[in-house]
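Report on the following structure.
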Amino acid sequence: MQTTADSAEDYSGLKVHTEGLSADSYFDPRHHERELQRIWYRNWIYVGRSSEIADPRAFRTFEFGNQKLILVRDDAGTLQGFHNTCRHRGAALCRESSGTMRSGAIICPYHAWTYNLRGDLVRTSSKCHAGGFDLTDYPLYRVGVREWSGFIFVALAPDPPPFDRIFDVPLDRLAPWRLQELVVGHVLVKNIQCNWRIFWENYNECLHCPSVHPQLSQLVPIYGRGLVEERDDPNWKMHADDADPKFKGGLRRGARTWSMDGQLTGTAFIGLSEADQELGHVYMTGLPSIFIVGHLDYVRVVRLRPLEPEKTELRVEYLFSPETLAMPGFDMSNVVNFTNLVMTEDAHVCELNQQGLHAAPHRRGVVMPEEYVIRQFHEWVGCELARS
Amino acid sequence: MQTTADSAEDYSGLKVHTEGLSADSYFDPRHHERELQRIWYRNWIYVGRSSEIADPRAFRTFEFGNQKLILVRDDAGTLQGFHNTCRHRGAALCRESSGTMRSGAIICPYHAWTYNLRGDLVRTSSKCHAGGFDLTDYPLYRVGVREWSGFIFVALAPDPPPFDRIFDVPLDRLAPWRLQELVVGHVLVKNIQCNWRIFWENYNECLHCPSVHPQLSQLVPIYGRGLVEERDDPNWKMHADDADPKFKGGLRRGARTWSMDGQLTGTAFIGLSEADQELGHVYMTGLPSIFIVGHLDYVRVVRLRPLEPEKTELRVEYLFSPETLAMPGFDMSNVVNFTNLVMTEDAHVCELNQQGLHAAPHRRGVVMPEEYVIRQFHEWVGCELARS
Amino acid sequence: MQTTADSAEDYSGLKVHTEGLSADSYFDPRHHERELQRIWYRNWIYVGRSSEIADPRAFRTFEFGNQKLILVRDDAGTLQGFHNTCRHRGAALCRESSGTMRSGAIICPYHAWTYNLRGDLVRTSSKCHAGGFDLTDYPLYRVGVREWSGFIFVALAPDPPPFDRIFDVPLDRLAPWRLQELVVGHVLVKNIQCNWRIFWENYNECLHCPSVHPQLSQLVPIYGRGLVEERDDPNWKMHADDADPKFKGGLRRGARTWSMDGQLTGTAFIGLSEADQELGHVYMTGLPSIFIVGHLDYVRVVRLRPLEPEKTELRVEYLFSPETLAMPGFDMSNVVNFTNLVMTEDAHVCELNQQGLHAAPHRRGVVMPEEYVIRQFHEWVGCELARS
């Protein structure tokens, strides 16, 4: 049944036998802290949609790891990001998770130090200043902010990677979806008891699909064979002329989107290519925090946030066109129920994966040929951790 | 009142003044981890009764420390033990705590790697294997399993001590009880807020009996004197000819077993020696996890399991003959209520003991003459920890 | 608006620009343990009122950090303090938090080792003692005890500082209040999610009063200017002849005490100086655990107790004269509601302060001129930690 991989150059799978990351790196608190410092506090991290902070003086807070941030749109319309910490005695500045800075300033609730919306300290509450004190020495701690296609990203480090480098496809891959204009129609949040990398690995292979996702395996027949794409099969050339989706990928005949019955739930996006329409799902992934999938009638965004070494928050946002959301009697349960089912199945096996890692003799797992994206991910993690 | 120990050669008590183990070893998390590694993951640990996994393909899981195991009876009737961890990506294999492996194989719920019941990997889910991959390199992580008299023990280390060496008496000491045939009639589980060694020490001396166990001290008069056996008394020779149980040990006149009224609750075992019948309790202890006591009409088994540095699980199993359990209207409350009372008293003082250990100036306690078994226990702990 | 400090010699504020303590010292568990060892286990710590343990043989327990103590009044009327730990195996001696040692002895509930109320071991439960054992080698672990003006303090270290050195004013500063005779009329306990030093800093400056305490700022007008005392203002000489409390300090005209309406709630203490009556509040602070404030009609005592690096217990005791408490229909809500309001406001900003300290780029805050007492506090903390 199992054959040795042929050496076909265009076979996607791994031809060399490799090992996974060390088992204890998935639960050791010190390793986790190191990953927060070197991966999460250094890269561009997805926060939420620009529309949440659309107007001047609108703000929201955002936490990840143990860092708490403020994002505020200044009067010139630029989104500014700061640590939620006053430079005086370190108090948190914002108590609400979102709102409007009505005064056009950020005023510390403790001693009323006052900053403008670009983060400059403009006033303290002291009657005078001691020798050597200079307001310009105490701006808010600034963080990098990037708005792209209606998505907000932050970077804590002063030298984050170029923004487009965090993605696995060109930045304009989903341009036909006009992401900028889409609206969040539904949100689903789930905490799962596993390390964030366990979910990352789970998301990036389909070897588990036959065991774990019976419905998804029917909707996407090639997943039912444990593969993501045509060339994941060492013998793909034997079927190169067969248009059956179980060999070519994409949705089963007759299905058009990821939903309970495979049918659209809203109006289809206009302007998608024939190929993308046929495929039924176009992936775009931003390391380490965001997965985007364009479907014919909606876009699904998964935001990952590490909470503890063995606890991760998933937040799924469903984006629709304003026209779809405005449809009378629009019902998205067909979509939401399906992806919720898949995610519940994934969450369950991710938790099983985490549980098994503590076995004393287990040093590391093994990366199988179909898991070539996991291999790339492990290499990326290794490089990030090795940076000084 | 208190006299100096005479130098009688056959006095049991300590004649040399010694100190206890260091106070912080009873709560320091790093020390606890070291004890798990060197004591609990190295010795034979009691799991449960063979009858729980009697049939081919029956399995149960077992956890201790942070290790999760599977025990499964193979088709040849041999009990096999494995870490509950798949060799692929480390997922937990069994989700249920017990059941039957109907397919005769252990199949990982994540990617369907398949192992036979002897732990050999027989199939992966990959279409091919990368260079250098060999199924025989990936058997389940095996653990030692030993069945004795209907009791199952596991050993995680490849070189556990000889099985009979963990016991304080010869393996056949309780042979007249025909342990193999007995049936668990009742189970009681209790978590106590103390280190496992605190309970161990408590179990192995009776200096506390007068203060802590008034009913037990009446049932076993020598316990009421703070002693376990005749020769724990430095002046035992003065009473060498006195048959009173307060000097000789054993139950008070008229009592036959450990129960509220001292009377039997079921039928007495047949074939016990005169001496054992008179004594009323025969102890057998296996380091570090099991205490067995043979009474005239039942056998009591206590399983110890460390949960945290300051938290320990006690599980008490009451074993009866099948004939006793089959008696119409059989009522074991006479027995269960009594031992439950004693154990509640012990749990309470064990928790008090734990609480006092954190005092900054307290380096270690002192081992009194009657606590000679504790002294031996401390020496054993020291030897285990010193092993490389 | 903001001017440079003049060099007036009698200006209280800081003239040199200084930094705060390192941000991570407010949450790092290892640093916290070091502060427990070097500050809390070394200095005189406030326990409670002598009247709680008034009679011979009366006792109470007291915990702070992870140390558990017994305080007991011996038959000669002297208050004795011990770790709540038996010298035999380390068990906790007292199970109740207060009561009477009826036998005139402290008897360990585990093995009945017996100590007199001065902590000497007078009896073990062993039949004999092993060679080298001497009762006098095993007294209870003693701690220093000091009774002053009806307040009980303990010191764990053998070499605590001289008692009067922990206070910021002479020991007799509140003598007119006859503290010894006062009675606790009300107690309020509140846990706040911050390091103990955050509350300490909060208590010792009024820069936050305008933002945080609107009512208090009305009652004490100089607080409404962010100042505690006249000379905290760099331009105080400009108002040296102005008797307005907003420059001179003290309560607003017509107010007599800290209460909702500024009016007395009980009878005024007799014998207070004119100046103290006019001021309306006289502070006395004992490092690191007690704040006392004498008002015209009551005394407020705040006891601080660190529970975790980011959790602190506040206990407020309201002391009245026996005459006031005996007044028919005496209602203290006027007082209690006011100080409860102020404390709730302080607790809230202390928690905000704590939350902001975790920002990765935040190394330490800055100490402003009005925060000169905080500067002294930081120096004291630094000296305590530096002691070998």
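Each chain of the structure tokens is named A, B, ... in the order shown, its residues numbered from 1; ligands are numbered from 1 in display order.
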Q | All alpha helix (DSSP H) residues (DSSP, backbone) inside segment 140-274 of chain C, as a list in words | A | Trp196, Arg197, Ile198, Phe199, Trp200, Glu201, Asn202, Tyr203, Cys209, Pro210, Ser211, Val212, Pro214, Gln215, Leu216, Ser217, Gln218, Leu219, Pro245, Lys246, Phe247, Lys248 and Glu274 of chain C
Q: Do a neighbour search on segment 331-337 of chain C at 10 Å with only C-alpha atoms, toss out local chain neighbours closer than 6 positions, and write the hits as JSON, numbers by chain.
A: {"C": [185, 186, 187, 188, 257, 258, 259, 260, 261, 262, 263, 264, 265, 266, 297, 298, 300, 316, 318, 320, 324, 325, 343]}
Within 10 Å of chain C: each chain B residue with its shortest pair, only C-alpha atoms, as a tab-separated table:
```
residue	atom	partner	partner_atom	distance
B:Met1	CA	C:Lys127	CA	7.9
B:Gln2	CA	C:Cys128	CA	5.2
B:Thr3	CA	C:Cys128	CA	4.8
B:Thr4	CA	C:Cys128	CA	5.0
B:Ala5	CA	C:Cys128	CA	5.4
B:Asp6	CA	C:Cys128	CA	9.0
B:Gly13	CA	C:Ala130	CA	8.5
B:Leu14	CA	C:Ala130	CA	6.4
B:Lys15	CA	C:Ala130	CA	4.7
B:Val16	CA	C:Ala130	CA	5.2
B:His17	CA	C:Ala130	CA	5.1
B:Thr18	CA	C:Ala130	CA	8.5
B:Glu19	CA	C:His88	CA	9.5
B:Gly20	CA	C:Arg89	CA	7.7
B:Leu21	CA	C:Arg89	CA	9.7
B:Ala23	CA	C:Gly90	CA	8.0
B:Ile198	CA	C:Arg89	CA	9.4
B:Glu201	CA	C:Arg89	CA	9.8
B:Asn202	CA	C:Tyr110	CA	9.6
B:Cys206	CA	C:His111	CA	9.1
B:Leu207	CA	C:His111	CA	6.0
B:His208	CA	C:His111	CA	4.6
B:Cys209	CA	C:His111	CA	8.0
B:Pro210	CA	C:His111	CA	8.1
B:Ser211	CA	C:His111	CA	6.3
B:Val212	CA	C:Tyr110	CA	6.7
B:Arg225	CA	C:Lys127	CA	9.2
B:Gly226	CA	C:Ser126	CA	7.9
B:Leu227	CA	C:Lys127	CA	9.2
B:Asp232	CA	C:Lys127	CA	8.9
B:Asp233	CA	C:Lys127	CA	6.9
B:Pro234	CA	C:Lys127	CA	7.1
B:Asn235	CA	C:Lys127	CA	8.9
B:Asp346	CA	C:Tyr110	CA	9.3
B:His348	CA	C:Tyr110	CA	9.5
B:Val349	CA	C:Tyr110	CA	6.0
B:Cys350	CA	C:Ala91	CA	8.1
B:Glu351	CA	C:Ala91	CA	8.3
B:Leu352	CA	C:Ala92	CA	5.1
B:Asn353	CA	C:Ala91	CA	3.5
B:Gln354	CA	C:Ala91	CA	6.5
B:Gln355	CA	C:Ala92	CA	5.8
B:Gly356	CA	C:Ala92	CA	4.2
B:Leu357	CA	C:Gly90	CA	5.2
B:His358	CA	C:Gln67	CA	6.7
B:Ala359	CA	C:Gln67	CA	5.6
B:Ala360	CA	C:Gln67	CA	7.0
B:Pro361	CA	C:Tyr141	CA	7.0
B:His362	CA	C:Gly90	CA	7.6
B:Arg363	CA	C:Gly90	CA	9.4
B:Arg364	CA	C:Arg89	CA	7.6
B:Gly365	CA	C:Arg89	CA	4.6
B:Val366	CA	C:His88	CA	5.2
B:Val367	CA	C:His88	CA	7.4
B:Met368	CA	C:Ser126	CA	7.0
B:Pro369	CA	C:Ala130	CA	6.0
B:Glu370	CA	C:Ser126	CA	7.0
B:Glu371	CA	C:Ser126	CA	9.5
```
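Running DSSP on the backbone and keeping only strand (DSSP E), the residues of segment 139-287 of chain A that qualify are Gly144, Val145, Arg146, Glu147, Trp148, Phe151, Ile152, Phe153, Val154, Ala155, Val183, Val184, Gly185, His186, Val187, Leu188, Val189, Lys190, Asn191, Ile192, Val282, Tyr283, Met284, Thr285 and Gly286 of chain A.
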Against segment 291-295 of chain B, which residues of segment 134-247 of chain B fall within 10 Å? For each one I want the closest pair of atoms and the distance in Å (one decimal), counting only C-alpha atoms, rows by chain and increasing residue number, as CSV.
```
residue,atom,partner,partner_atom,distance
B:Phe167,CA,B:Phe291,CA,9.5
B:Arg173,CA,B:Gly294,CA,9.9
B:Leu174,CA,B:Gly294,CA,7.1
B:Pro176,CA,B:Gly294,CA,9.6
B:Trp177,CA,B:Gly294,CA,7.2
B:Leu179,CA,B:Gly294,CA,9.4
B:Trp200,CA,B:Phe291,CA,9.5
B:Tyr203,CA,B:Phe291,CA,8.9
```
Q | For Ser289 of chain C: contacts at 12 Å, only C-alpha atoms, fewer than 2 positions along chain excluded, given as JSON, numbers by chain | A | {"C": [39, 40, 41, 42, 43, 44, 45, 46, 47, 48, 64, 152, 153, 154, 155, 166, 167, 196, 197, 199, 200, 284, 285, 286, 287, 291, 292, 301, 302, 303, 304, 305, 306, 312, 313, 314, 315, 316]}
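Interatomic distance, atom CA of Val373 of chain A to atom CA of Gln218 of chain A: 23.0 Å.
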(Q) as a VMD selection string, please: the residues near Leu171 of chain C (cut-off 10 Å, only C-alpha atoms, same-chain neighbours under 6 positions excluded). (A) chain C and resid 148 to 149 163 to 165 284
Can I get the selected residues back with C-alpha atoms, as a PDB file, in the first residue's frame?
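And here is the file that came out, result22.pdb:
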```
ATOM      1  CA  TRP C 148       3.004  49.561  72.032  1.00  0.00           C
ATOM      2  CA  SER C 149      -0.038  51.696  72.715  1.00  0.00           C
ATOM      3  CA  PHE C 163      11.233  49.726  67.287  1.00  0.00           C
ATOM      4  CA  ASP C 164      10.976  53.512  67.153  1.00  0.00           C
ATOM      5  CA  ARG C 165      13.056  53.602  63.979  1.00  0.00           C
ATOM      6  CA  MET C 284       2.032  58.316  61.722  1.00  0.00           C
TER       7      MET C 284
END
```
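The spacing separating atom CA of Gln215 of chain C from atom CA of Arg253 of chain C amounts to 14.6 Å.
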Q | 8 Å contact set for Asp74 of chain C, only C-alpha atoms, chain neighbours under 4 positions out, as an MDAnalysis selection string | A | chainID C and resid 56:57 78:80 117:118
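Residue nearest Glu323 of chain B within the list B:Thr267, B:Asn340, B:Gln376, B:Ser273: B:Thr267 [criterion: smallest interatomic distance, only C-alpha atoms].
With atom CA of Glu230 of chain C on one side and atom CA of Leu272 of chain C on the other, the separation reads 21.6 Å.
Counting only C-alpha atoms, Asp28 of chain B has the following residues at most 12 Å away, ignoring those fewer than 2 positions along the same chain: Ser22, Ala23, Asp24, Ser25, Tyr26, Arg30, His31, His32, Glu33, Arg34, Glu35, Asn195, Glu308, Pro309, Glu310, Leu357 and His358 of chain B.
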